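Structure file input_16.pdb (PDB, C-alpha atoms) is printed below.
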ATOM      1  CA  MET A   1      86.321 107.650  84.055
ATOM      2  CA  THR A   2      86.153 106.107  87.550
ATOM      3  CA  SER A   3      83.335 103.791  86.442
ATOM      4  CA  LEU A   4      85.181 102.826  83.265
ATOM      5  CA  ALA A   5      88.476 102.305  85.097
ATOM      6  CA  ALA A   6      86.730  99.960  87.527
ATOM      7  CA  HIS A   7      85.168  97.992  84.624
ATOM      8  CA  PRO A   8      87.996  97.354  82.134
ATOM      9  CA  ARG A   9      85.771  95.147  79.957
ATOM     10  CA  GLY A  10      83.550  98.158  79.377
ATOM     11  CA  LEU A  11      80.074  99.430  80.207
ATOM     12  CA  THR A  12      76.998 100.071  78.088
ATOM     13  CA  PHE A  13      75.872 103.625  77.492
ATOM     14  CA  ASN A  14      72.832 103.089  79.754
ATOM     15  CA  GLU A  15      74.963 101.666  82.591
ATOM     16  CA  LEU A  16      77.285 104.655  82.358
ATOM     17  CA  LYS A  17      74.307 107.023  82.294
ATOM     18  CA  THR A  18      73.063 105.489  85.560
ATOM     19  CA  PHE A  19      76.499 105.617  87.222
ATOM     20  CA  CYS A  20      77.137 109.223  86.191
ATOM     21  CA  ALA A  21      73.569 110.517  86.562
ATOM     22  CA  LEU A  22      73.891 112.466  83.303
ATOM     23  CA  THR A  23      71.491 113.102  80.446
ATOM     24  CA  ASP A  24      72.004 111.287  77.114
ATOM     25  CA  GLY A  25      73.295 114.395  75.379
ATOM     26  CA  ASN A  26      75.633 115.385  78.181
ATOM     27  CA  LEU A  27      77.152 111.903  78.524
ATOM     28  CA  ASN A  28      77.480 111.615  74.766
ATOM     29  CA  ARG A  29      79.459 114.857  74.625
ATOM     30  CA  HIS A  30      81.741 113.749  77.497
ATOM     31  CA  LEU A  31      82.390 110.389  75.831
ATOM     32  CA  GLN A  32      83.114 112.007  72.478
ATOM     33  CA  VAL A  33      85.770 114.247  74.034
ATOM     34  CA  LEU A  34      87.343 111.245  75.812
ATOM     35  CA  ALA A  35      87.229 109.166  72.611
ATOM     36  CA  ASP A  36      88.881 111.980  70.621
ATOM     37  CA  ALA A  37      91.681 111.983  73.192
ATOM     38  CA  LYS A  38      91.958 108.160  72.739
ATOM     39  CA  LEU A  39      91.177 107.642  76.433
ATOM     40  CA  VAL A  40      88.078 105.517  75.729
ATOM     41  CA  VAL A  41      86.862 103.365  72.850
ATOM     42  CA  ILE A  42      83.211 103.487  71.816
ATOM     43  CA  THR A  43      81.761 100.513  69.945
ATOM     44  CA  LYS A  44      78.256 100.269  68.540
ATOM     45  CA  LEU A  45      76.855  96.734  68.392
ATOM     46  CA  THR A  46      73.577  95.385  67.081
ATOM     47  CA  SER A  47      72.274  92.328  68.884
ATOM     48  CA  ARG A  48      68.731  90.881  68.714
ATOM     49  CA  SER A  49      67.562  93.905  66.752
ATOM     50  CA  ARG A  50      68.766  96.162  69.583
ATOM     51  CA  ARG A  51      71.524  98.685  69.176
ATOM     52  CA  GLU A  52      73.955  98.869  72.039
ATOM     53  CA  THR A  53      76.699 101.425  72.579
ATOM     54  CA  ARG A  54      79.573 100.124  74.651
ATOM     55  CA  CYS A  55      82.430 102.164  76.116
ATOM     56  CA  ARG A  56      85.746 100.790  77.260
ATOM     57  CA  ILE A  57      88.748 102.537  78.773
ATOM     58  CA  THR A  58      91.976 102.220  76.759
ATOM     59  CA  THR A  59      95.414 101.380  78.184
ATOM     60  CA  LEU A  60      96.357 105.029  77.670
ATOM     61  CA  GLY A  61      93.133 106.073  79.428
ATOM     62  CA  SER A  62      93.870 103.838  82.427
ATOM     63  CA  LYS A  63      97.409 105.124  82.664
ATOM     64  CA  ARG A  64      96.354 108.767  82.418
ATOM     65  CA  TYR A  65      93.561 108.259  84.952
ATOM     66  CA  ILE A  66      95.926 106.588  87.444
ATOM     67  CA  ASP A  67      98.430 109.426  86.959
ATOM     68  CA  TYR A  68      95.619 111.932  87.523
ATOM     69  CA  LEU A  69      94.591 110.171  90.757
ATOM     70  CA  ALA A  70      98.208 110.195  91.949
ATOM     71  CA  VAL A  71      98.539 113.945  91.300
ATOM     72  CA  LEU A  72      95.194 114.642  92.972
ATOM     73  CA  GLU A  73      96.179 112.544  95.991
ATOM     74  CA  GLN A  74      99.515 114.375  96.261
ATOM     75  CA  ILE A  75      97.804 117.797  96.128
ATOM     76  CA  LEU A  76      95.335 116.783  98.840
ATOM     77  CA  GLN A  77      98.094 115.318 100.998
ATOM     78  CA  ASP A  78     100.127 118.537 100.662
ATOM     79  CA  ALA A  79      97.049 120.604 101.520
ATOM     80  CA  ALA A  80      96.304 118.429 104.567
ATOM     81  CA  GLU A  81      99.923 118.738 105.677
ATOM     82  CA  ARG A  82      99.840 122.514 105.208
ATOM     83  CA  ARG A  83      96.592 122.755 107.161
ATOM     84  CA  LYS A  84      98.193 120.791 109.993
ATOM     85  CA  VAL A  85     101.217 123.129 110.059
ATOM     86  CA  VAL A  86      98.976 126.222 110.069
ATOM     87  CA  ALA A  87      96.866 124.744 112.864
ATOM     88  CA  LEU A  88     100.000 124.058 114.898
ATOM     89  CA  GLY A  89     101.230 127.610 114.256
ATOM     90  CA  LYS A  90      98.033 128.971 115.802
ATOM     91  CA  ASP A  91      98.467 126.758 118.813
ATOM     92  CA  PRO A  92      99.382 128.990 121.807
ATOM     93  CA  ARG A  93     101.842 126.382 123.082
ATOM     94  CA  VAL A  94     103.769 126.561 119.791
ATOM     95  CA  ASN A  95     103.677 130.407 119.822
ATOM     96  CA  SER A  96     104.983 130.590 123.394
ATOM     97  CA  GLN A  97     107.909 128.316 122.449
ATOM     98  CA  GLY A  98     108.653 130.414 119.323
TER      99      GLY A  98
ATOM    100  CA  MET B   1      86.911 113.765 109.519
ATOM    101  CA  ASP B   2      87.541 117.072 107.672
ATOM    102  CA  ASP B   3      86.885 117.622 103.958
ATOM    103  CA  LEU B   4      90.521 116.955 102.918
ATOM    104  CA  GLN B   5      90.726 113.671 104.803
ATOM    105  CA  GLN B   6      87.370 112.686 103.351
ATOM    106  CA  ALA B   7      88.591 113.431  99.811
ATOM    107  CA  LEU B   8      91.787 111.451 100.449
ATOM    108  CA  SER B   9      89.872 108.451 101.720
ATOM    109  CA  GLN B  10      87.607 108.622  98.642
ATOM    110  CA  ILE B  11      90.665 108.622  96.367
ATOM    111  CA  ARG B  12      92.058 105.579  98.216
ATOM    112  CA  LEU B  13      88.697 103.853  97.768
ATOM    113  CA  ILE B  14      88.696 104.615  94.031
ATOM    114  CA  LYS B  15      92.293 103.342  93.736
ATOM    115  CA  HIS B  16      91.317 100.139  95.517
ATOM    116  CA  GLN B  17      88.306  99.637  93.220
ATOM    117  CA  VAL B  18      90.393 100.239  90.098
ATOM    118  CA  ALA B  19      93.167  97.940  91.398
ATOM    119  CA  ARG B  20      90.614  95.165  91.983
ATOM    120  CA  SER B  21      89.544  95.262  88.354
ATOM    121  CA  THR B  22      93.042  95.565  86.882
ATOM    122  CA  GLN B  23      94.926  92.526  85.628
ATOM    123  CA  PHE B  24      97.907  91.773  87.855
ATOM    124  CA  ARG B  25     101.159  91.914  85.899
ATOM    125  CA  GLY B  26     103.489  91.518  88.833
ATOM    126  CA  TYR B  27     104.231  87.803  88.490
ATOM    127  CA  GLY B  28     107.429  87.412  86.482
ATOM    128  CA  PRO B  29     107.662  84.574  83.927
ATOM    129  CA  ARG B  30     111.388  84.102  84.524
ATOM    130  CA  SER B  31     111.220  83.492  88.273
ATOM    131  CA  VAL B  32     108.163  81.245  87.810
ATOM    132  CA  ALA B  33     109.935  79.246  85.076
ATOM    133  CA  PHE B  34     112.982  78.956  87.334
ATOM    134  CA  SER B  35     110.810  77.475  90.108
ATOM    135  CA  GLY B  36     109.466  74.904  87.620
ATOM    136  CA  LEU B  37     112.949  73.941  86.453
ATOM    137  CA  LEU B  38     114.091  73.773  90.078
ATOM    138  CA  ALA B  39     111.238  71.346  90.902
ATOM    139  CA  LEU B  40     112.167  69.133  87.931
ATOM    140  CA  GLY B  41     115.866  69.295  88.872
ATOM    141  CA  VAL B  42     115.229  68.412  92.521
ATOM    142  CA  ALA B  43     112.982  65.489  91.513
ATOM    143  CA  PHE B  44     115.668  64.214  89.124
ATOM    144  CA  ALA B  45     118.439  64.621  91.723
ATOM    145  CA  GLU B  46     116.416  62.952  94.471
ATOM    146  CA  ASP B  47     115.449  60.052  92.235
ATOM    147  CA  ALA B  48     119.008  59.582  90.964
ATOM    148  CA  TRP B  49     121.140  60.195  94.054
ATOM    149  CA  TYR B  50     118.913  59.841  97.103
ATOM    150  CA  PRO B  51     116.090  57.424  96.272
ATOM    151  CA  ASP B  52     115.803  56.366  99.941
ATOM    152  CA  ALA B  53     114.270  59.781 100.716
ATOM    153  CA  GLN B  54     111.107  58.588  98.961
ATOM    154  CA  HIS B  55     110.467  56.192 101.850
ATOM    155  CA  GLN B  56     111.441  58.673 104.598
ATOM    156  CA  LEU B  57     108.774  61.306 105.128
ATOM    157  CA  PHE B  58     110.972  63.779 107.010
ATOM    158  CA  ALA B  59     113.800  63.612 104.447
ATOM    159  CA  SER B  60     111.281  64.259 101.641
ATOM    160  CA  LEU B  61     109.681  67.064 103.625
ATOM    161  CA  ILE B  62     113.022  68.797 104.185
ATOM    162  CA  ILE B  63     113.986  68.505 100.508
ATOM    163  CA  TRP B  64     110.667  69.783  99.168
ATOM    164  CA  THR B  65     110.075  72.413 101.843
ATOM    165  CA  SER B  66     113.524  73.871 101.096
ATOM    166  CA  THR B  67     112.745  73.827  97.372
ATOM    167  CA  ALA B  68     109.404  75.590  97.997
ATOM    168  CA  VAL B  69     111.019  78.219 100.254
ATOM    169  CA  VAL B  70     113.702  79.029  97.645
ATOM    170  CA  SER B  71     111.105  79.229  94.848
ATOM    171  CA  LEU B  72     108.704  81.348  96.897
ATOM    172  CA  ALA B  73     111.434  83.714  98.066
ATOM    173  CA  LEU B  74     112.701  84.296  94.518
ATOM    174  CA  SER B  75     109.152  84.700  93.153
ATOM    175  CA  ALA B  76     108.230  87.100  95.969
ATOM    176  CA  ILE B  77     111.279  89.307  95.346
ATOM    177  CA  ASP B  78     110.635  89.293  91.588
ATOM    178  CA  THR B  79     106.906  90.009  92.067
ATOM    179  CA  ILE B  80     107.533  92.981  94.368
ATOM    180  CA  ARG B  81     110.139  94.441  91.973
ATOM    181  CA  ARG B  82     107.953  93.948  88.892
ATOM    182  CA  SER B  83     104.827  95.328  90.582
ATOM    183  CA  ARG B  84     106.667  98.506  91.557
ATOM    184  CA  ARG B  85     107.912  98.858  87.975
ATOM    185  CA  VAL B  86     104.729  97.878  86.119
ATOM    186  CA  HIS B  87     101.912  99.089  88.376
ATOM    187  CA  VAL B  88     103.844 102.112  89.732
ATOM    188  CA  GLU B  89     101.183 104.085  91.667
ATOM    189  CA  PHE B  90      99.032 101.006  92.246
ATOM    190  CA  ALA B  91     101.815  98.628  93.265
ATOM    191  CA  SER B  92     100.903  98.381  96.944
ATOM    192  CA  GLU B  93      97.173  97.884  96.217
ATOM    193  CA  MET B  94      97.893  95.252  93.553
ATOM    194  CA  LEU B  95     100.369  93.389  95.773
ATOM    195  CA  HIS B  96      97.895  93.480  98.641
ATOM    196  CA  ILE B  97      95.176  91.927  96.455
ATOM    197  CA  ALA B  98      97.578  89.301  95.053
ATOM    198  CA  VAL B  99      98.610  88.295  98.579
ATOM    199  CA  GLU B 100      94.987  88.284  99.752
ATOM    200  CA  GLN B 101      94.056  85.859  96.965
ATOM    201  CA  PHE B 102      96.966  83.428  97.017
ATOM    202  CA  VAL B 103      98.339  83.389 100.571
ATOM    203  CA  PRO B 104      95.324  81.605 102.159
ATOM    204  CA  ALA B 105      96.143  78.553 100.008
ATOM    205  CA  LEU B 106      99.772  78.630 101.180
ATOM    206  CA  VAL B 107      98.728  78.941 104.819
ATOM    207  CA  VAL B 108      96.281  76.034 104.448
ATOM    208  CA  GLY B 109      99.080  73.960 102.862
ATOM    209  CA  VAL B 110     101.462  74.661 105.757
ATOM    210  CA  LEU B 111      98.840  73.964 108.466
ATOM    211  CA  LEU B 112      97.601  70.804 106.758
ATOM    212  CA  THR B 113     101.189  69.536 106.482
ATOM    213  CA  ALA B 114     101.837  70.210 110.172
ATOM    214  CA  VAL B 115      98.645  68.428 111.247
ATOM    215  CA  LEU B 116      99.121  65.474 108.907
ATOM    216  CA  VAL B 117     102.760  64.929 109.890
ATOM    217  CA  ARG B 118     101.902  65.135 113.585
ATOM    218  CA  ILE B 119      98.656  63.143 113.671
ATOM    219  CA  LEU B 120      99.007  60.778 110.698
ATOM    220  CA  PRO B 121     102.741  60.418 109.907
ATOM    221  CA  ASN B 122     102.107  57.144 108.069
ATOM    222  CA  GLU B 123      99.845  58.966 105.613
ATOM    223  CA  GLY B 124     102.553  61.419 104.484
ATOM    224  CA  TRP B 125     102.287  59.985 100.961
ATOM    225  CA  LEU B 126      99.092  62.065 100.617
ATOM    226  CA  LEU B 127     101.019  65.335 100.855
ATOM    227  CA  PRO B 128     102.155  65.824  97.201
ATOM    228  CA  GLY B 129      98.589  65.343  95.967
ATOM    229  CA  LEU B 130      97.101  67.560  98.657
ATOM    230  CA  TRP B 131      99.669  70.323  98.032
ATOM    231  CA  GLU B 132      98.866  70.266  94.316
ATOM    232  CA  ILE B 133      95.115  70.426  94.972
ATOM    233  CA  ILE B 134      95.590  73.320  97.432
ATOM    234  CA  PHE B 135      97.876  75.077  94.933
ATOM    235  CA  SER B 136      95.145  74.700  92.291
ATOM    236  CA  LEU B 137      92.686  76.387  94.672
ATOM    237  CA  GLY B 138      95.150  79.278  95.080
ATOM    238  CA  ILE B 139      95.323  79.618  91.291
ATOM    239  CA  PHE B 140      91.528  79.460  90.920
ATOM    240  CA  ALA B 141      91.216  82.181  93.599
ATOM    241  CA  SER B 142      93.675  84.387  91.674
ATOM    242  CA  CYS B 143      92.202  83.649  88.218
ATOM    243  CA  ARG B 144      89.955  86.728  88.112
ATOM    244  CA  PHE B 145      93.074  88.827  88.549
ATOM    245  CA  LEU B 146      95.196  86.988  85.947
ATOM    246  CA  PRO B 147      94.946  86.148  82.216
ATOM    247  CA  ARG B 148      92.091  83.731  81.386
ATOM    248  CA  PRO B 149      94.300  80.775  80.302
ATOM    249  CA  MET B 150      95.515  80.592  83.920
ATOM    250  CA  PHE B 151      92.309  78.663  84.645
ATOM    251  CA  ALA B 152      93.725  75.774  82.567
ATOM    252  CA  VAL B 153      96.844  75.762  84.763
ATOM    253  CA  GLY B 154      94.582  75.467  87.815
ATOM    254  CA  VAL B 155      92.899  72.470  86.166
ATOM    255  CA  TRP B 156      96.362  70.943  85.535
ATOM    256  CA  TYR B 157      97.299  71.248  89.222
ATOM    257  CA  LEU B 158      93.941  69.811  90.305
ATOM    258  CA  ALA B 159      94.220  66.837  87.927
ATOM    259  CA  ALA B 160      97.875  66.309  88.876
ATOM    260  CA  GLY B 161      96.970  66.349  92.582
ATOM    261  CA  LEU B 162      94.261  63.743  92.145
ATOM    262  CA  CYS B 163      96.550  61.576  89.983
ATOM    263  CA  SER B 164      99.366  61.914  92.568
ATOM    264  CA  ILE B 165      97.074  60.562  95.272
ATOM    265  CA  ILE B 166      96.126  57.636  93.026
ATOM    266  CA  VAL B 167      99.784  56.903  92.130
ATOM    267  CA  CYS B 168     101.215  57.394  95.658
ATOM    268  CA  GLY B 169      98.305  55.472  97.193
ATOM    269  CA  GLY B 170      99.446  52.350  95.374
ATOM    270  CA  GLN B 171     102.982  52.613  96.749
ATOM    271  CA  LYS B 172     102.314  54.373 100.067
ATOM    272  CA  SER B 173     105.495  56.450  99.618
ATOM    273  CA  PHE B 174     106.366  60.095  98.937
ATOM    274  CA  LEU B 175     107.557  59.811  95.321
ATOM    275  CA  ALA B 176     109.896  62.537  94.052
ATOM    276  CA  TRP B 177     108.299  62.690  90.605
ATOM    277  CA  THR B 178     104.780  63.180  92.027
ATOM    278  CA  MET B 179     106.136  66.508  93.307
ATOM    279  CA  GLY B 180     108.648  67.368  90.587
ATOM    280  CA  LEU B 181     106.550  66.640  87.524
ATOM    281  CA  PRO B 182     103.286  68.422  88.489
ATOM    282  CA  PHE B 183     105.044  71.489  89.936
ATOM    283  CA  GLY B 184     107.721  71.524  87.216
ATOM    284  CA  VAL B 185     105.256  71.344  84.331
ATOM    285  CA  GLY B 186     102.684  73.504  86.169
ATOM    286  CA  GLN B 187     105.121  76.343  86.837
ATOM    287  CA  LEU B 188     106.404  76.204  83.257
ATOM    288  CA  LEU B 189     102.777  76.472  82.086
ATOM    289  CA  VAL B 190     102.244  79.486  84.373
ATOM    290  CA  ALA B 191     105.425  81.070  82.975
ATOM    291  CA  THR B 192     104.221  80.463  79.398
ATOM    292  CA  VAL B 193     100.820  82.048  80.095
ATOM    293  CA  LEU B 194     102.505  85.054  81.737
ATOM    294  CA  GLN B 195     104.970  85.409  78.876
ATOM    295  CA  VAL B 196     102.312  85.179  76.152
ATOM    296  CA  CYS B 197      99.423  87.059  77.776
ATOM    297  CA  VAL B 198     101.093  89.574  80.080
ATOM    298  CA  GLU B 199     104.698  90.241  79.175
ATOM    299  CA  LYS B 200     103.968  91.194  75.543
ATOM    300  CA  HIS B 201     101.235  93.637  76.596
ATOM    301  CA  THR B 202     103.011  95.206  79.538
ATOM    302  CA  ASP B 203     103.315  98.857  78.695
ATOM    303  CA  GLY B 204     102.922 100.180  82.210
ATOM    304  CA  ILE B 205      99.664 100.580  84.123
TER     305      ILE B 205
END
Would you encode the structure as structure tokens?
Amino acid sequence: MTSLAAHPRGLTFNELKTFCALTDGNLNRHLQVLADAKLVVITKLTSRSRRETRCRITTLGSKRYIDYLAVLEQILQDAAERRKVVALGKDPRVNSQG
Amino acid sequence: MDDLQQALSQIRLIKHQVARSTQFRGYGPRSVAFSGLLALGVAFAEDAWYPDAQHQLFASLIIWTSTAVVSLALSAIDTIRRSRRVHVEFASEMLHIAVEQFVPALVVGVLLTAVLVRILPNEGWLLPGLWEIIFSLGIFASCRFLPRPMFAVGVWYLAAGLCSIIVCGGQKSFLAWTMGLPFGVGQLLVATVLQVCVEKHTDGI
């Protein structure tokens, strides 16, 4: 999804395979699930007697991915904040004040 | 850097990459159209009521600098508001990229004006043409980030700038319409492109 979000005009199946380091079957399954959820669009083109599968992120897909990143960022920020508080709590200077 | 900070910095990097490839929908057609109408209005008013300003560089500079400041301020406020509404999570990244692409042209315009007025005050008639050419470079720099027809608007500003130099060169004066017409029509073209290509497809990203 990161690769597709960074290339809104789409990527070929082979480009995606390289970016994701997945096997054909594995990537195909992932893309099918995303396409069923209307997060990506898969188009099959024939040019110069070569078949090319192209994947493009949809507007819904972009929106959902951005929302997902925001949630993930918030969780990590909260965890980092919590870790800082815990670390301060273990600090002998803080304990002596408390 | 611990694992959490590393993950956070990776997310910021991903957000930046995605923002760079996303079409900017922060420019508002209404504020841009207003700046075009303002340019046409100021040119008309100057030509009708204060034609002497066309032969006084400093009077022309004050009139057109004030017009540019008002237009830029309104556009900036509108752009920030729209970006926060339309791009939501990505607003700061998108605004940062928009500024990074267009502001160098504005800075060059300001510095060039200062140098030209100070060193070659008799050549002030060049300014409308030069401003339009510099503005076209700002649009070309932002094109990748905006709808494709915006390239045609850049071509308009470039052609208008070259024509302004040809027209003003004959008269050696700072003509109101060589500012008002190119910027008026140009900004209305920008507003039309934004309205047609962006506004109708803005469903929040």
Residues of chain B within 9 Å of chain A, counting all atoms listed in the file, what are they? List them as a CSV table (one decimal) with C-alpha atoms, keeping the file's coordinate frame.
chain,number,residue,atom,x,y,z
B,4,LEU,CA,90.5,117.0,102.9
B,5,GLN,CA,90.7,113.7,104.8
B,7,ALA,CA,88.6,113.4,99.8
B,8,LEU,CA,91.8,111.5,100.4
B,11,ILE,CA,90.7,108.6,96.4
B,12,ARG,CA,92.1,105.6,98.2
B,14,ILE,CA,88.7,104.6,94.0
B,15,LYS,CA,92.3,103.3,93.7
B,17,GLN,CA,88.3,99.6,93.2
B,18,VAL,CA,90.4,100.2,90.1
B,19,ALA,CA,93.2,97.9,91.4
B,20,ARG,CA,90.6,95.2,92.0
B,21,SER,CA,89.5,95.3,88.4
B,22,THR,CA,93.0,95.6,86.9
B,89,GLU,CA,101.2,104.1,91.7
B,90,PHE,CA,99.0,101.0,92.2
B,203,ASP,CA,103.3,98.9,78.7
B,204,GLY,CA,102.9,100.2,82.2
B,205,ILE,CA,99.7,100.6,84.1
With the PyMOL selection byres ((chain B and resi 133) around 8) as the selection, what would be picked from this file? Answer as JSON, numbers by chain, please. {"B": [129, 130, 131, 132, 134, 135, 136, 137, 157, 158, 159, 160, 161, 162]}
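Across A:Asn14, A:Asn28, A:Thr23, A:Thr43, the tightest approach to Arg56 (chain A) is made by A:Thr43 when counting all atoms listed in the file.
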For CA of Met179 (chain B) and CA of Val155 (chain B), the interatomic separation in Å (one decimal):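 Pair CA of Met179 (chain B) / CA of Val155 (chain B) returns 16.2 Å.
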If you measure from CA of Leu11 (chain A) to CA of Cys55 (chain A), what distance in Å do you get, rounded to one decimal?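 Separation of CA of Leu11 (chain A) and CA of Cys55 (chain A): 5.5 Å.
For the point (96.2, 77.3, 98.9) in file coordinates, the residues within 7 Å, using all atoms listed in the file, are B:Phe102, B:Val103, B:Pro104, B:Ala105, B:Leu106, B:Val107, B:Val108, B:Gly109, B:Ile134, B:Phe135, B:Leu137, B:Gly138.
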Record the distance separating CA of Ala45 (chain B) and CA of Leu74 (chain B), expressed in Å with one decimal.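 About the pair CA of Ala45 (chain B) and CA of Leu74 (chain B): they are 20.7 Å apart.
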Evaluate the PyMOL selection byres ((chain B and resi 177) around 10) here and jot the selected residues down as a ChimeraX atom specification. /B:39-40,42-44,46-47,54,128,164,174-176,178-184
Find the residues near Leu72 (chain B): any atom within 10 Å, counting only C-alpha atoms, skip ones fewer than 4 places away on the same chain, and give them as a VMD selection string. chain B and resid 31 to 32 35 66 to 68 76 to 78
Report the residues retrieved by the PyMOL selection byres ((chain B and resi 189) around 12) from the displayed file, expressed as an NGL selection string. :B and (29-30 or 32-37 or 149-157 or 181-188 or 190-197)
Give, as lines of an AutoDock Vina configuration file, the centre coordinates and the x, y and z edge lengths in Å to one decimal for an axis-aligned box around all listed atoms of region 78-93 of chain B, padded by 8 Å on each side.
center_x = 103.9
center_y = 96.7
center_z = 91.5
size_x = 29.5
size_y = 30.8
size_z = 26.8
